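Structure, as structure tokens:
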Amino acid sequence: MIDDTANALQLTGVTKEHPGSPPVSALRSVTVTIRTGEFVAIAGPSGSGKSTMLAIAGTLERPTAGRVRVAGLAVDSLPDHALSGVRAARIGFVFQQFFLIPGLTAVENVATGLLYRGVPARQRRQAAADALAEVGLADRAGHRPAELSGGECQRVAIARALVGRPAVILADEPTGSLDSATSAGILGLLAELNRRGATILVVTHNPEIAEAAGRVIRLRDGRIEHDSGPA
Amino acid sequence: MKGGKRRRPAGGEPRRPASRLRPADIGPVAVLGLASRPVRAALSAVGVALGIATMVAVLGISSSSRAQLVAQIDALGTNLLTVAPGRSFGGQDVTLPAQAPAMVARIGPVLGASAVGDVNAQVYRNNRISPANTNAIAVYSAGTGLLRTLQGQLARGAFLDAATERYPAVVLGTDAAAALGVDRADGMVQVWLGNRWFSVIGIMRPLPLAPELNRTALIGYPVAERLLHASAAPVEIYVRTDPANVDAVATVLAATADPAAPQNVSVDDPITALTARADATAAFQGLFLALGAVALLVGGIGIANVMVIAVLERRGEIGLRRALGARRLHMAVQFATEATLLAGCGGVAGAILGGFTTTVYASSRHWDAVVPVPVLLAAAGIALLVGAVAGLYPALRAARLVPAEALRLS
């Protein structure tokens, strides 16, 4: 009954070792499947391998061993340029530091989410305006990052991840730079986007996110310590 | 979340999505990168701008000078020939027959011929100057038609005429007048010539076709013969011909001037000498062009340097773009385009600066400013090439950055 395409992400026996003597194992044989429509939190102490797992799931890093499928597509053996294509079309990223481009307005920053998909500028802008409205920032479209609050910046970044309608949104500590009230707002937004159908995987220290997520995976020393399982 | 939309090839893996950057987006992305640090961008383009400005100015000024020369030659006419005694087969100096000017003037297409002859005398400002201080001024006898034949002009006074050629009157070339310190030609100033006082009746402007006469004192042949015992043999005959028959005249000049020994006669075309002189000054261009090339090289290194720093500073942006789906190639293209654009802007600024310099220099010399279009196109091309080469290494650095490291995810 499990169809590949119903799985947004599939990690099978994923191991990541960083070379050295002795080599450091960031992930040890992690197997996990994220189904389309899930809201999953990856929790765990610092150094437990959360960010490495996110980087491998996002095809930003290659595992030392194991298999990765993104939206049903096996990415292990793909050349670098094909991985770029997978990221452009199937994955949306949200980072703790926002990584907005200072010289661009909010709507232009969101539009960069479609830049590497070959979408013409006019359509990018239209889709960006729609995505910005979805995160509640339609009235801030013309503002540059310096004119926005931290919470607004993160909403812009979420809109940028969302604009290409990816198979999965990967968020790395999205509330890590925000105060608790603003964090709650971002958390509410992620939950709302998930209710509307977005698949979201969040790496977090924030226990509130972990509570809000439908599923929590706890990592320790590169292994899955606990997985609450699909909701 | 839109899983149902994905198409699958029958029985295989899902379709592999491709990363694509539209060509129309490359420019705006590069401009954005440069615009984020406008002062730095401007400063790093200065080197290329100076190099290009030097090259454009050097080529522009020499083109203007050449254009000026061509205009000058056109104004002077290309129909002047000179006849001078050459050397005999044995190497001895020879002289032309005294009747040579008259015989040359009788050739059909010759419009006018005028000679200068050697006078064994020196000229001094006054009779108290040491005889050794000759100022290297030669004294010649000259026919009254000389100035007209050369299409020369007088700065002051009058040229020798049928009256003054018989009396102690002298016309000075422009350099001779300057060397003697004479700036009046109203007959009231006298110079000590051949142990006699000669009145200065005229000062010539520079003679472009006979620069050898600029440092001479010219007196009439009758007075030279009478007072200074000058020989009647001409040392140079200036011949103005019908423009259509210059070559024909040139071929018969030697035989006409000295029918007994035509091989001893040297016939010359001053225009050729003038053009050769212009080519000689063009040789200086090489030095200045090399200086411009050095500036360009330094400018290129400056751009490479700034772009390497930009790659280090913008690791986050590079990581982000890779996460958004940019390929390595896209990152390389972005940074190479930024470098090329930077150098291109420098090149445009340099071309404008060089054109401006040319205009200012040319107008200060009363020339028409000429900046050849091929020079401008070449300048733009060279600037872009410098930028592309300078951007190569930073582009590779940007392409090689590991996205996860750039984003500090690992």
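Each chain in the structure tokens gets a letter, A, B, ..., in the order shown, and its residues are numbered from 1; ligands are numbered from 1 in order too.
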
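The chain A residues that come within 6 Å of chain B are Thr36, Ser51, Leu60, Leu73, His81, Ser84, Gly85, Val86, Arg87, Ala88, Gly113, Tyr116, Arg117, Gly118, Ala167, Gly197 and Ala198 of chain A, with only C-alpha atoms taken into account.
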
Would you save the residues of that selection, restricted to C-alpha atoms, as a compact mmCIF listing (two decimals), in the first residue's frame?
```
# COMPACT_ATOMS: atom_id res chain seq x y z
CA THR A 36 3.40 13.67 2.10
CA SER A 51 21.43 19.37 10.95
CA LEU A 60 23.06 19.52 0.20
CA LEU A 73 13.29 9.89 -6.82
CA HIS A 81 23.68 19.36 -11.36
CA SER A 84 20.41 21.12 -7.98
CA GLY A 85 17.38 20.36 -10.11
CA VAL A 86 15.86 18.29 -7.27
CA ARG A 87 16.40 21.17 -4.83
CA ALA A 88 14.98 23.70 -7.27
CA GLY A 113 12.66 30.72 -4.87
CA TYR A 116 16.55 28.40 -10.81
CA ARG A 117 13.48 26.74 -12.27
CA GLY A 118 13.59 28.79 -15.41
CA ALA A 167 7.39 18.20 -2.06
CA GLY A 197 -1.15 20.49 2.62
CA ALA A 198 2.53 21.38 2.97
```

Let's see if you can do this: from backbone DSSP, list all alpha helix (DSSP H) residues in range 57-127 of chain A, as a ChimeraX atom specification. /A:57,80-90,106-111,121-127

Tell me, in Å to one decimal, how far CA of Ala230 in chain B is from CA of Val119 in chain B. 5.1 Å

Give me, as a PDB file with C-alpha atoms, in the first residue's frame, the residues of range 8-230 of chain A that a backbone DSSP run labels strand (DSSP E or B).
```
ATOM      1  CA  ALA A   8       7.993  13.066   0.504  1.00  0.00           C
ATOM      2  CA  LEU A   9      11.277  11.806   1.928  1.00  0.00           C
ATOM      3  CA  GLN A  10      12.767   8.397   2.447  1.00  0.00           C
ATOM      4  CA  LEU A  11      16.100   7.801   4.210  1.00  0.00           C
ATOM      5  CA  THR A  12      17.259   4.189   4.314  1.00  0.00           C
ATOM      6  CA  GLY A  13      20.278   3.183   6.418  1.00  0.00           C
ATOM      7  CA  VAL A  14      21.799   6.623   6.051  1.00  0.00           C
ATOM      8  CA  THR A  15      25.256   6.971   7.598  1.00  0.00           C
ATOM      9  CA  LYS A  16      27.438  10.051   7.500  1.00  0.00           C
ATOM     10  CA  GLU A  17      31.037   9.978   8.604  1.00  0.00           C
ATOM     11  CA  HIS A  18      33.276  13.015   8.617  1.00  0.00           C
ATOM     12  CA  VAL A  24      33.372  11.225  13.410  1.00  0.00           C
ATOM     13  CA  SER A  25      30.008   9.612  12.776  1.00  0.00           C
ATOM     14  CA  ALA A  26      27.339  12.277  12.489  1.00  0.00           C
ATOM     15  CA  LEU A  27      24.607   9.816  11.504  1.00  0.00           C
ATOM     16  CA  ARG A  28      24.575   6.058  12.045  1.00  0.00           C
ATOM     17  CA  SER A  29      22.271   4.006   9.884  1.00  0.00           C
ATOM     18  CA  VAL A  30      19.217   6.248  10.088  1.00  0.00           C
ATOM     19  CA  THR A  31      16.084   4.947   8.415  1.00  0.00           C
ATOM     20  CA  VAL A  32      13.023   7.163   8.287  1.00  0.00           C
ATOM     21  CA  THR A  33      10.156   7.863   5.926  1.00  0.00           C
ATOM     22  CA  ILE A  34       8.313  11.180   5.831  1.00  0.00           C
ATOM     23  CA  ARG A  35       4.937  10.898   4.120  1.00  0.00           C
ATOM     24  CA  PHE A  39       4.615  17.929   9.982  1.00  0.00           C
ATOM     25  CA  VAL A  40       7.686  16.352  11.559  1.00  0.00           C
ATOM     26  CA  ALA A  41      10.013  17.784  14.185  1.00  0.00           C
ATOM     27  CA  ILE A  42      13.537  16.470  14.569  1.00  0.00           C
ATOM     28  CA  ALA A  43      14.703  17.118  18.096  1.00  0.00           C
ATOM     29  CA  ALA A  65      26.275   5.088   3.033  1.00  0.00           C
ATOM     30  CA  GLY A  66      22.543   4.514   2.659  1.00  0.00           C
ATOM     31  CA  ARG A  67      19.864   5.611   0.235  1.00  0.00           C
ATOM     32  CA  VAL A  68      17.856   8.821  -0.054  1.00  0.00           C
ATOM     33  CA  ARG A  69      14.671   9.335  -2.014  1.00  0.00           C
ATOM     34  CA  VAL A  70      13.057  12.733  -2.472  1.00  0.00           C
ATOM     35  CA  LEU A  73      13.288   9.895  -6.818  1.00  0.00           C
ATOM     36  CA  ALA A  74      16.495   8.135  -5.751  1.00  0.00           C
ATOM     37  CA  ILE A  91      12.659  21.082  -1.757  1.00  0.00           C
ATOM     38  CA  GLY A  92      12.096  24.369   0.054  1.00  0.00           C
ATOM     39  CA  PHE A  93      14.583  25.513   2.693  1.00  0.00           C
ATOM     40  CA  VAL A  94      14.079  27.739   5.726  1.00  0.00           C
ATOM     41  CA  ARG A 117      13.484  26.736 -12.266  1.00  0.00           C
ATOM     42  CA  VAL A 168       8.864  19.046   1.328  1.00  0.00           C
ATOM     43  CA  ILE A 169       9.887  22.148   3.270  1.00  0.00           C
ATOM     44  CA  LEU A 170      13.031  21.644   5.361  1.00  0.00           C
ATOM     45  CA  ALA A 171      13.424  24.141   8.186  1.00  0.00           C
ATOM     46  CA  ASP A 172      16.609  24.427  10.254  1.00  0.00           C
ATOM     47  CA  ILE A 200       7.240  20.153   6.722  1.00  0.00           C
ATOM     48  CA  LEU A 201      10.351  18.801   8.416  1.00  0.00           C
ATOM     49  CA  VAL A 202      11.705  21.024  11.182  1.00  0.00           C
ATOM     50  CA  VAL A 203      14.988  20.657  13.029  1.00  0.00           C
ATOM     51  CA  ARG A 215       5.422  13.583  14.778  1.00  0.00           C
ATOM     52  CA  VAL A 216       8.664  13.953  16.704  1.00  0.00           C
ATOM     53  CA  ILE A 217      11.891  12.154  15.887  1.00  0.00           C
ATOM     54  CA  ARG A 218      14.531  12.357  18.624  1.00  0.00           C
ATOM     55  CA  LEU A 219      18.136  11.896  17.642  1.00  0.00           C
ATOM     56  CA  ARG A 220      21.023  11.109  19.954  1.00  0.00           C
ATOM     57  CA  ARG A 223      20.848   7.465  15.923  1.00  0.00           C
ATOM     58  CA  ILE A 224      17.088   7.700  16.136  1.00  0.00           C
ATOM     59  CA  GLU A 225      16.392   7.463  19.849  1.00  0.00           C
ATOM     60  CA  HIS A 226      12.643   7.848  19.535  1.00  0.00           C
ATOM     61  CA  ASP A 227      10.161   8.240  16.690  1.00  0.00           C
TER      62      ASP A 227
END
```

Which residue is closest to Thr112 in chain A? Choose from B:Pro28, B:Ala138, B:Leu180, B:Ser88 and count only C-alpha atoms. B:Pro28

Write out as a PyMOL selection string each polymer residue whose atoms come within 12 Å of Asp93 in chain B, counting only C-alpha atoms; drop sequence neighbours fewer than 5 positions from it. chain B and resi 84-88+235+264-266

For range 98-115 of chain B, list every protein, DNA or RNA residue within 10 Å, evaluated using only C-alpha atoms, and leave out those in the same chain fewer than 4 positions away; present the list as a ChimeraX atom specification. /B:79-84,140-150,221,231-246,248-249,252-259

Print the selection's residues with N, CA and C atoms to a file, as a compact mmCIF listing (two decimals), in the first residue's frame.
```
# COMPACT_ATOMS: atom_id res chain seq x y z
N ASN B 79 52.45 68.45 -54.34
CA ASN B 79 53.12 68.59 -55.64
C ASN B 79 54.45 69.32 -55.53
N LEU B 80 55.12 69.21 -54.37
CA LEU B 80 56.43 69.85 -54.23
C LEU B 80 57.53 68.80 -54.32
N LEU B 81 58.56 69.14 -55.10
CA LEU B 81 59.72 68.25 -55.20
C LEU B 81 60.97 69.08 -54.88
N THR B 82 62.01 68.42 -54.42
CA THR B 82 63.26 69.15 -54.20
C THR B 82 64.36 68.50 -55.01
N VAL B 83 65.27 69.33 -55.48
CA VAL B 83 66.43 68.87 -56.23
C VAL B 83 67.66 69.34 -55.47
N ALA B 84 68.57 68.43 -55.20
CA ALA B 84 69.78 68.82 -54.48
C ALA B 84 70.96 68.09 -55.09
N TYR B 140 71.97 81.53 -46.48
CA TYR B 140 71.73 81.11 -47.86
C TYR B 140 71.33 82.32 -48.69
N SER B 141 71.64 82.20 -49.96
CA SER B 141 71.03 83.15 -50.88
C SER B 141 69.74 82.51 -51.38
N ALA B 142 68.74 83.34 -51.63
CA ALA B 142 67.45 82.79 -52.03
C ALA B 142 66.84 83.62 -53.14
N GLY B 143 66.11 82.94 -54.03
CA GLY B 143 65.37 83.64 -55.07
C GLY B 143 64.14 84.31 -54.47
N THR B 144 63.62 85.31 -55.14
CA THR B 144 62.49 86.06 -54.59
C THR B 144 61.21 85.23 -54.58
N GLY B 145 61.16 84.15 -55.39
CA GLY B 145 59.94 83.35 -55.45
C GLY B 145 59.92 82.21 -54.44
N LEU B 146 60.95 82.11 -53.61
CA LEU B 146 61.08 80.93 -52.73
C LEU B 146 59.87 80.74 -51.83
N LEU B 147 59.46 81.84 -51.19
CA LEU B 147 58.38 81.70 -50.20
C LEU B 147 57.09 81.22 -50.88
N ARG B 148 56.85 81.75 -52.09
CA ARG B 148 55.64 81.35 -52.81
C ARG B 148 55.71 79.86 -53.20
N THR B 149 56.86 79.43 -53.66
CA THR B 149 57.02 78.03 -54.05
C THR B 149 56.78 77.10 -52.86
N LEU B 150 57.24 77.51 -51.71
CA LEU B 150 57.08 76.67 -50.51
C LEU B 150 55.72 76.85 -49.86
N TYR B 221 70.38 86.89 -53.92
CA TYR B 221 71.57 86.38 -54.60
C TYR B 221 72.48 87.52 -55.09
N SER B 231 78.85 81.69 -54.43
CA SER B 231 78.81 80.97 -55.70
C SER B 231 77.38 80.95 -56.21
N ALA B 232 77.20 80.82 -57.52
CA ALA B 232 75.85 80.80 -58.10
C ALA B 232 75.27 79.39 -58.07
N ALA B 233 76.05 78.39 -57.61
CA ALA B 233 75.56 77.01 -57.64
C ALA B 233 74.51 76.81 -56.56
N PRO B 234 73.31 76.35 -56.94
CA PRO B 234 72.27 76.14 -55.93
C PRO B 234 72.56 74.90 -55.07
N VAL B 235 72.20 74.95 -53.78
CA VAL B 235 72.32 73.76 -52.93
C VAL B 235 70.98 73.02 -52.83
N GLU B 236 69.90 73.72 -53.16
CA GLU B 236 68.59 73.05 -53.13
C GLU B 236 67.67 73.84 -54.05
N ILE B 237 66.95 73.10 -54.90
CA ILE B 237 65.96 73.75 -55.75
C ILE B 237 64.59 73.21 -55.35
N TYR B 238 63.66 74.10 -55.01
CA TYR B 238 62.30 73.70 -54.67
C TYR B 238 61.44 73.85 -55.90
N VAL B 239 60.72 72.77 -56.27
CA VAL B 239 60.00 72.74 -57.54
C VAL B 239 58.53 72.47 -57.27
N ARG B 240 57.68 73.39 -57.68
CA ARG B 240 56.24 73.19 -57.55
C ARG B 240 55.72 72.79 -58.92
N THR B 241 55.06 71.62 -59.00
CA THR B 241 54.64 71.12 -60.31
C THR B 241 53.12 71.06 -60.39
N ASP B 242 52.67 70.84 -61.58
CA ASP B 242 51.26 70.53 -61.81
C ASP B 242 50.95 69.23 -61.05
N PRO B 243 49.93 69.23 -60.16
CA PRO B 243 49.69 68.06 -59.31
C PRO B 243 49.53 66.76 -60.09
N ALA B 244 49.02 66.84 -61.32
CA ALA B 244 48.76 65.62 -62.08
C ALA B 244 50.06 65.01 -62.64
N ASN B 245 51.14 65.80 -62.67
CA ASN B 245 52.34 65.33 -63.36
C ASN B 245 53.56 65.26 -62.45
N VAL B 246 53.32 65.07 -61.13
CA VAL B 246 54.44 65.07 -60.19
C VAL B 246 55.45 63.99 -60.55
N ALA B 248 55.91 62.40 -63.40
CA ALA B 248 56.56 62.65 -64.68
C ALA B 248 57.68 63.67 -64.53
N VAL B 249 57.40 64.72 -63.76
CA VAL B 249 58.42 65.74 -63.55
C VAL B 249 59.60 65.15 -62.79
N VAL B 252 62.23 63.44 -64.86
CA VAL B 252 63.11 64.20 -65.76
C VAL B 252 63.92 65.25 -65.03
N LEU B 253 63.66 65.44 -63.75
CA LEU B 253 64.31 66.54 -63.02
C LEU B 253 65.83 66.42 -63.02
N ALA B 254 66.33 65.23 -62.73
CA ALA B 254 67.78 65.06 -62.60
C ALA B 254 68.48 65.44 -63.90
N ALA B 255 67.94 64.90 -64.99
CA ALA B 255 68.57 65.15 -66.28
C ALA B 255 68.47 66.62 -66.68
N THR B 256 67.40 67.27 -66.25
CA THR B 256 67.24 68.68 -66.60
C THR B 256 68.18 69.55 -65.77
N ALA B 257 68.30 69.23 -64.48
CA ALA B 257 69.10 70.06 -63.59
C ALA B 257 70.58 69.98 -63.94
N ASP B 258 71.04 68.79 -64.27
CA ASP B 258 72.46 68.64 -64.59
C ASP B 258 72.61 67.66 -65.74
N PRO B 259 72.38 68.15 -66.98
CA PRO B 259 72.37 67.24 -68.13
C PRO B 259 73.69 66.48 -68.27
```
